[in-house]
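Asker: Just passing along the structure, written as structure tokens.
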There are 2 protein chains.
Amino acid sequence: MPKVIIAGAGLVGALNACYFAKRGWQVEVYEYRKDIRTMKHVHGRSINLALSQRGKSALEAVGLKDYIVNQGVPLYARLVHNKDGKTFSRQPYGQPGEHIVSINRRHLNEVMITQAEKCDRVRFFFEHKVRSVDLDKKELVVEYIGGSKIPQPGKKSESPQLRVSADLIIACDGAYSAVRRSLQTHPRFDYHQEYIAHGYIELNILPKSNDYALEPNVFHLWPRGHFTLIALANKDKTFTVTIFAPFEEFEKHMSNPHDVQQFFQENFPDAYELLGRDHIQEMFSRVKPQPLVSIKCSPHHFSDFVVLMGDAAHAMVPFYGQGMNCGFEDCLVFSEILDQMNDDIQKTLAAYTENRVKEAHTIIDLAMYNYDELKDLVNHSSYKLRKVFDLWLNKWLPNTWIPLYSMVTFTRIPYTQVVEARRWQDRILSRLGSVISATTLAGAFVLAVHFAKRSGKLPKIQFG
Amino acid sequence: MPKVIIAGAGLVGALNACYFAKRGWQVEVYEYRKDIRTMKHVHGRSINLALSQRGKSALEAVGLKDYIVNQGVPLYARLVHNKDGKTFSRQPYGQPGEHIVSINRRHLNEVMITQAEKCDRVRFFFEHKVRSVDLDKKELVVEYIGGSKIPQPGKKSESPQLRVSADLIIACDGAYSAVRRSLQTHPRFDYHQEYIAHGYIELNILPKSNDYALEPNVFHLWPRGHFTLIALANKDKTFTVTIFAPFEEFEKHMSNPHDVQQFFQENFPDAYELLGRDHIQEMFSRVKPQPLVSIKCSPHHFSDFVVLMGDAAHAMVPFYGQGMNCGFEDCLVFSEILDQMNDDIQKTLAAYTENRVKEAHTIIDLAMYNYDELKDLVNHSSYKLRKVFDLWLNKWLPNTWIPLYSMVTFTRIPYTQVVEARRWQDRILSRLGSVISATTLAGAFVLAVHFAKRSGKLPKIQFG
């Protein structure tokens, strides 16, 4: 029975534990936090998660999809809040019925850990901080950071540092992966980390008269050019609200309680009412804006037993809502390749890097491109028109003309093929443009405007 | 009296020690190697160094220029060896007299250490491996790795790990900088490392009848499309020879003694004769091709006391011969800014990052661009013609029209301005092209070809 060690019991680590439990392998998971199921408050980022097709498919393979989806809140459209605080425009995500699901990170994580632990070949070691990987000795270096005695880890040791080994080590230890960092000097390992100018702060909207204070089944959006506010519903009738702005903007306009209040009141009047002055001021005094990083690396595997997955392999900015979905798809793709290769780990690792590096790079670029759009492109009417046109064509040619966002969100078409298909669409449109006469174009424009009016204006940013 | 700690006693670290000795600061240098002056053989890469204007200026400020230049071998031109092993073409580096200097890395390093040590405020701690920097405690974490007792380091400690502190810490610990690695999770630190497809192996040509086996005062070049051989003279009448090729090429055509011999005999017949079959086969069996990495990061400083310089801040591929020169210029620029800021460290650090990051990124890109040329552009005749034309115009307009290579190599014009000037030249040429009639162009072409014939063909790659 092969053995796998998983570094990190976060979303991707916990899902991997489920996958290998199902595969019948012996599984050890090392996680630096305490068991989150026993904690009152979990530290760390939480930007609400939007589960879409890739994530659903990955959960389905371990029998968790339906349960998780039922625990979430479906979102069918974006609802753009205008600056007057009173008018809105609604933009469906796709065709009727197509939706993403707003999920609570912690709950999802807990469910997956519990699911994996049902199998007695799976053992979680909490409060065990992964330090590095030793490629020569084929060992993962782990340190017990808990206060009490070591709870029977893979290997006992007098010192708090353990060295554990397995046939396969999967590093799911996040964007700041210690495993990846210890491999940084590995020959020919390409690595790229880039912070964007924006940071974020999270806030909360509480229920109003025991019900949602805003419409729950939409993705709320307050786009204001270079800064923006979003809100996603939680099952407990609260909303998680996130403001994204350049660090400079935070310093200039949100550095003291009075300025913050004024900033929210002026730019997001309706949200301001629901958040409340005190809550906003308290959150801004308590937390600093958090940075957002984009990370690419290649290869994703090392030697014949180490592989990086999730944020450890490909952290991305959150503007396409694909971070978790791509990480979950990693687990599924790895499992599919293991099947194809009859559990040959070495062949699987090579094939996985070959396949997955380019996919990861592509969605990272798409997410960054959406970030750039957030700053500029969204205000161009040609961009909005294209969106309306895409959805309209998609209605008549559902299998031939799928909008970029829908391909990423509602299918498992590989990201690289998504980009290819988009280029093909662009070429068609550009040729059409050359062929069709000005008259016809004018006609199409009238039609498009008519459609745009019927379905409401497009949102200013495509987010989640 | 302020105190500076320098991580690394390589080229940039040792030069910095000279700079701060001259400035009257207290200086401690921590280096993981033994004192190279006491070693028989020094491990590590050595791709011969070509000292050009930026490096010379930096050495001049600490009174070392003349001595070092005299210890080197001046190179006035590139000499391209054709595949027949018998014909050559010569390409001057610039106007008559303009030259670069081939320098032995180890000798240069030793001279600078000795120079710095002349000052009794400077102390070198060899066999002290720098592990990390602790920004909160303002300490550098260093480990004594020597066999015997700790030779009175900055702070004594029972354990081999020391924590030393100073007003300023300069990390000159190379491309794989431990200081930089420990800062990798610092918020908003952008970092990029990229390996190229090429690797290299070093060889040697011994003296022949007690004299140079090849003409000493030229940069020897055997360009063969995607792989290439170079040779630089040393003062001891040997040549350091380096072969650059894609790793795949090494595997395909140089993986056993027979293949290596055949490969050299076929592609570099004249070099093969001088290197000798046995030497080539021995070196290829002893060492594997070494990788080449390009590293960018931003910022170059952290908190109010840490700065990265040299390869720790900006490793580049060696195809513009600017790695050391740029690193030396770092020391000079930092010193110039310290003067301007009246030794205010905090202001100096901010101004240094502001100035130096973009300069470093620019030369890294230029070096990478030259690498791409090596693979493709050099075989285009338009490219060769441009080189001839540039030098010809430069002769008549020495202050107005300086070729790209000359600006980088023979001036201290900031790299960013070099690139600006080149863009300006390109615009002029493109406008000229639109204005001048076809007849005039034909005339110019005849002239250029005439000139090209007189001055010999251009080399296939611009290197060093």
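As shown in the structure tokens, the chain order sets the letters A, B, ...; within each chain, residues go from 1, and ligands are also counted from 1 in the order they appear.
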Kindly determine which residues of chain A lie within 7 Å of chain B, considering only C-alpha atoms, and give the answer as a VMD selection string.

Answerer: chain A and resid 176 185 187 to 195 291

Asker: Take the residues that were just selected and, keeping N, CA and C atoms, output them as a compact mmCIF listing (two decimals), in the first residue's frame.

Answerer:
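Listed below is the output, part-v7.txt:
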# COMPACT_ATOMS: atom_id res chain seq x y z
N TYR A 176 2.79 30.78 0.59
CA TYR A 176 4.11 30.98 1.18
C TYR A 176 4.78 29.64 1.50
N THR A 185 16.46 26.84 -4.58
CA THR A 185 17.78 26.79 -5.18
C THR A 185 17.96 25.52 -6.02
N PRO A 187 18.24 23.34 -9.10
CA PRO A 187 18.64 23.78 -10.46
C PRO A 187 17.46 23.84 -11.42
N ARG A 188 17.42 24.91 -12.17
CA ARG A 188 16.44 25.11 -13.23
C ARG A 188 14.99 25.18 -12.73
N PHE A 189 14.81 25.67 -11.51
CA PHE A 189 13.46 25.90 -11.01
C PHE A 189 13.10 27.36 -11.27
N ASP A 190 12.18 27.59 -12.19
CA ASP A 190 11.74 28.95 -12.49
C ASP A 190 10.68 29.37 -11.48
N TYR A 191 10.79 30.61 -11.02
CA TYR A 191 9.87 31.05 -9.98
C TYR A 191 9.59 32.54 -10.13
N HIS A 192 8.34 32.91 -9.92
CA HIS A 192 7.95 34.30 -10.10
C HIS A 192 6.91 34.68 -9.06
N GLN A 193 7.18 35.70 -8.26
CA GLN A 193 6.13 36.20 -7.37
C GLN A 193 5.99 37.70 -7.57
N GLU A 194 4.75 38.15 -7.67
CA GLU A 194 4.51 39.55 -8.00
C GLU A 194 3.31 40.04 -7.19
N TYR A 195 3.53 41.11 -6.45
CA TYR A 195 2.42 41.71 -5.70
C TYR A 195 1.76 42.78 -6.56
N PRO A 291 -1.93 42.30 1.42
CA PRO A 291 -1.45 42.28 0.04
C PRO A 291 -2.02 41.11 -0.77

Asker: Based on the backbone DSSP call, show me all residues of range 309-353 of chain B assigned alpha helix (DSSP H), as an MDAnalysis selection string.

Answerer: chainID B and resid 311:314 323:340 345:353

Asker: Which residues are close to Met324 in chain A, i.e. within 10 Å by only C-alpha atoms, leaving aside same-chain residues fewer than 4 positions away? Reply as a VMD selection string.

Answerer: chain A and resid 11 to 12 49 to 52 54 to 55 105 310 to 311 315 to 316 318 328 to 330

Asker: Those residues with N, CA and C atoms, as a tab-separated table (two decimals), in the first residue's frame please?

Answerer:
chain	number	residue	atom	x	y	z
A	11	LEU	N	-7.55	23.88	2.19
A	11	LEU	CA	-8.56	23.36	1.26
A	11	LEU	C	-7.99	22.28	0.34
A	12	VAL	N	-6.87	22.56	-0.31
A	12	VAL	CA	-6.34	21.61	-1.29
A	12	VAL	C	-5.73	20.39	-0.59
A	49	LEU	N	-15.35	32.45	-0.89
A	49	LEU	CA	-15.05	31.57	-1.99
A	49	LEU	C	-16.24	31.39	-2.90
A	50	ALA	N	-15.97	31.36	-4.19
A	50	ALA	CA	-17.03	31.09	-5.16
A	50	ALA	C	-16.71	29.78	-5.85
A	51	LEU	N	-17.49	28.77	-5.52
A	51	LEU	CA	-17.28	27.44	-6.11
A	51	LEU	C	-17.88	27.41	-7.50
A	52	SER	N	-17.09	27.01	-8.49
A	52	SER	CA	-17.64	26.88	-9.83
A	52	SER	C	-17.35	25.48	-10.37
A	54	ARG	N	-15.16	23.64	-12.02
A	54	ARG	CA	-13.94	22.83	-11.79
A	54	ARG	C	-13.90	22.32	-10.35
A	55	GLY	N	-14.25	23.21	-9.41
A	55	GLY	CA	-14.26	22.82	-8.01
A	55	GLY	C	-15.33	21.77	-7.74
A	105	ARG	N	-15.24	29.37	3.69
A	105	ARG	CA	-13.96	28.66	3.61
A	105	ARG	C	-13.79	27.66	4.75
A	310	GLY	N	-2.16	23.54	-5.60
A	310	GLY	CA	-2.86	24.68	-5.02
A	310	GLY	C	-1.99	25.92	-5.03
A	311	ASP	N	-2.21	26.79	-4.05
A	311	ASP	CA	-1.47	28.05	-3.99
A	311	ASP	C	0.05	27.85	-3.89
A	315	ALA	N	-0.32	30.66	-6.87
A	315	ALA	CA	-1.21	31.63	-6.24
A	315	ALA	C	-1.64	32.66	-7.29
A	316	MET	N	-2.90	33.06	-7.21
A	316	MET	CA	-3.36	34.04	-8.21
A	316	MET	C	-4.17	35.13	-7.53
A	318	PRO	N	-7.46	37.36	-6.88
A	318	PRO	CA	-8.78	36.72	-6.76
A	318	PRO	C	-9.81	37.17	-7.79
A	328	PHE	N	-8.51	22.78	-6.58
A	328	PHE	CA	-9.29	21.54	-6.51
A	328	PHE	C	-9.12	20.71	-7.78
A	329	GLU	N	-9.09	21.42	-8.91
A	329	GLU	CA	-8.92	20.70	-10.18
A	329	GLU	C	-7.55	20.02	-10.23
A	330	ASP	N	-6.53	20.62	-9.56
A	330	ASP	CA	-5.21	19.97	-9.45
A	330	ASP	C	-5.36	18.56	-8.91

Asker: Residues at most 8 Å from Ile337 in chain B, counting only C-alpha atoms, excluding those fewer than 4 positions away in the same chain, as JSON, numbers by chain?

Answerer: {"B": [333, 341, 348, 351, 352]}

Asker: Based on the selection just made, write N, CA and C atoms of those residues as an mmCIF file, in the first residue's frame.

Answerer:
data_model
loop_
_atom_site.group_PDB
_atom_site.id
_atom_site.type_symbol
_atom_site.label_atom_id
_atom_site.label_comp_id
_atom_site.auth_asym_id
_atom_site.auth_seq_id
_atom_site.Cartn_x
_atom_site.Cartn_y
_atom_site.Cartn_z
ATOM 1 N N VAL B 333 27.247 53.595 -6.815
ATOM 2 C CA VAL B 333 25.993 54.357 -6.754
ATOM 3 C C VAL B 333 25.548 54.529 -5.297
ATOM 4 N N MET B 341 23.130 62.178 0.680
ATOM 5 C CA MET B 341 22.193 62.170 1.797
ATOM 6 C C MET B 341 22.905 62.392 3.137
ATOM 7 N N THR B 348 19.008 57.064 2.121
ATOM 8 C CA THR B 348 19.858 56.460 1.088
ATOM 9 C C THR B 348 19.215 55.182 0.555
ATOM 10 N N ALA B 351 16.280 55.965 -1.749
ATOM 11 C CA ALA B 351 16.734 56.537 -3.018
ATOM 12 C C ALA B 351 17.453 55.487 -3.855
ATOM 13 N N TYR B 352 18.174 54.593 -3.174
ATOM 14 C CA TYR B 352 18.914 53.548 -3.895
ATOM 15 C C TYR B 352 17.949 52.606 -4.631
#

Asker: Compile the contact shell of Ala14 in chain B as a ChimeraX atom specification: residues with an atom at most 8 Å away, counting only C-alpha atoms, same-chain residues fewer than 5 positions apart removed.

Answerer: /B:8-9,109,112-113,116

Asker: Write out the residues from the selection above, keeping C-alpha atoms, as a PDB file, in the first residue's frame.

Answerer:
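Below is the file again07.pdb, written as the result:
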ATOM      1  CA  GLY B   8      29.552  37.642   1.530  1.00  0.00           C
ATOM      2  CA  ALA B   9      33.189  38.371   0.662  1.00  0.00           C
ATOM      3  CA  ASN B 109      38.704  38.979  -5.276  1.00  0.00           C
ATOM      4  CA  MET B 112      40.081  43.545  -2.868  1.00  0.00           C
ATOM      5  CA  ILE B 113      40.015  41.529   0.367  1.00  0.00           C
ATOM      6  CA  ALA B 116      39.990  46.215   2.639  1.00  0.00           C
TER       7      ALA B 116
END

Asker: I'd like the contact shell of range 229-241 of chain A - 7 Å cut-off, only C-alpha atoms, skipping same-chain residues fewer than 3 positions apart - returned as a PDB file with C-alpha atoms, in the first residue's frame.

Answerer:
ATOM      1  CA  ASN A  48     -15.257  34.499   0.303  1.00  0.00           C
ATOM      2  CA  GLN A  71     -24.266  24.360   2.302  1.00  0.00           C
ATOM      3  CA  GLY A  72     -23.590  27.326   0.030  1.00  0.00           C
ATOM      4  CA  VAL A  73     -25.561  30.175  -1.469  1.00  0.00           C
ATOM      5  CA  SER A 102     -20.755  31.264  -2.363  1.00  0.00           C
ATOM      6  CA  ASN A 104     -17.653  29.561   3.658  1.00  0.00           C
ATOM      7  CA  GLU A 202     -12.696  42.418   5.000  1.00  0.00           C
ATOM      8  CA  LEU A 203     -15.879  43.620   6.660  1.00  0.00           C
ATOM      9  CA  ASN A 204     -19.254  42.130   7.561  1.00  0.00           C
ATOM     10  CA  ILE A 205     -22.911  42.932   7.064  1.00  0.00           C
ATOM     11  CA  LEU A 206     -25.138  41.402   9.761  1.00  0.00           C
ATOM     12  CA  PRO A 207     -28.678  40.093   9.199  1.00  0.00           C
ATOM     13  CA  ASP A 211     -33.006  38.019   7.251  1.00  0.00           C
ATOM     14  CA  TYR A 212     -30.436  38.921   4.619  1.00  0.00           C
ATOM     15  CA  PRO A 216     -28.612  36.945  -1.257  1.00  0.00           C
ATOM     16  CA  PHE A 219     -22.676  38.847  -6.338  1.00  0.00           C
ATOM     17  CA  HIS A 220     -22.848  42.449  -5.065  1.00  0.00           C
ATOM     18  CA  LEU A 221     -20.442  44.824  -6.693  1.00  0.00           C
ATOM     19  CA  TRP A 222     -19.625  48.499  -6.128  1.00  0.00           C
ATOM     20  CA  PRO A 223     -17.106  49.215  -8.911  1.00  0.00           C
ATOM     21  CA  PHE A 244     -10.040  46.336  -2.782  1.00  0.00           C
TER      22      PHE A 244
END

Asker: Give me the residues within 10 Å of Leu308 in chain B as a PyMOL selection string, counting only C-alpha atoms and dropping any in the same chain fewer than 6 places off.

Answerer: chain B and resi 6-7+169-174+177+179-180+297-302+314+330+353
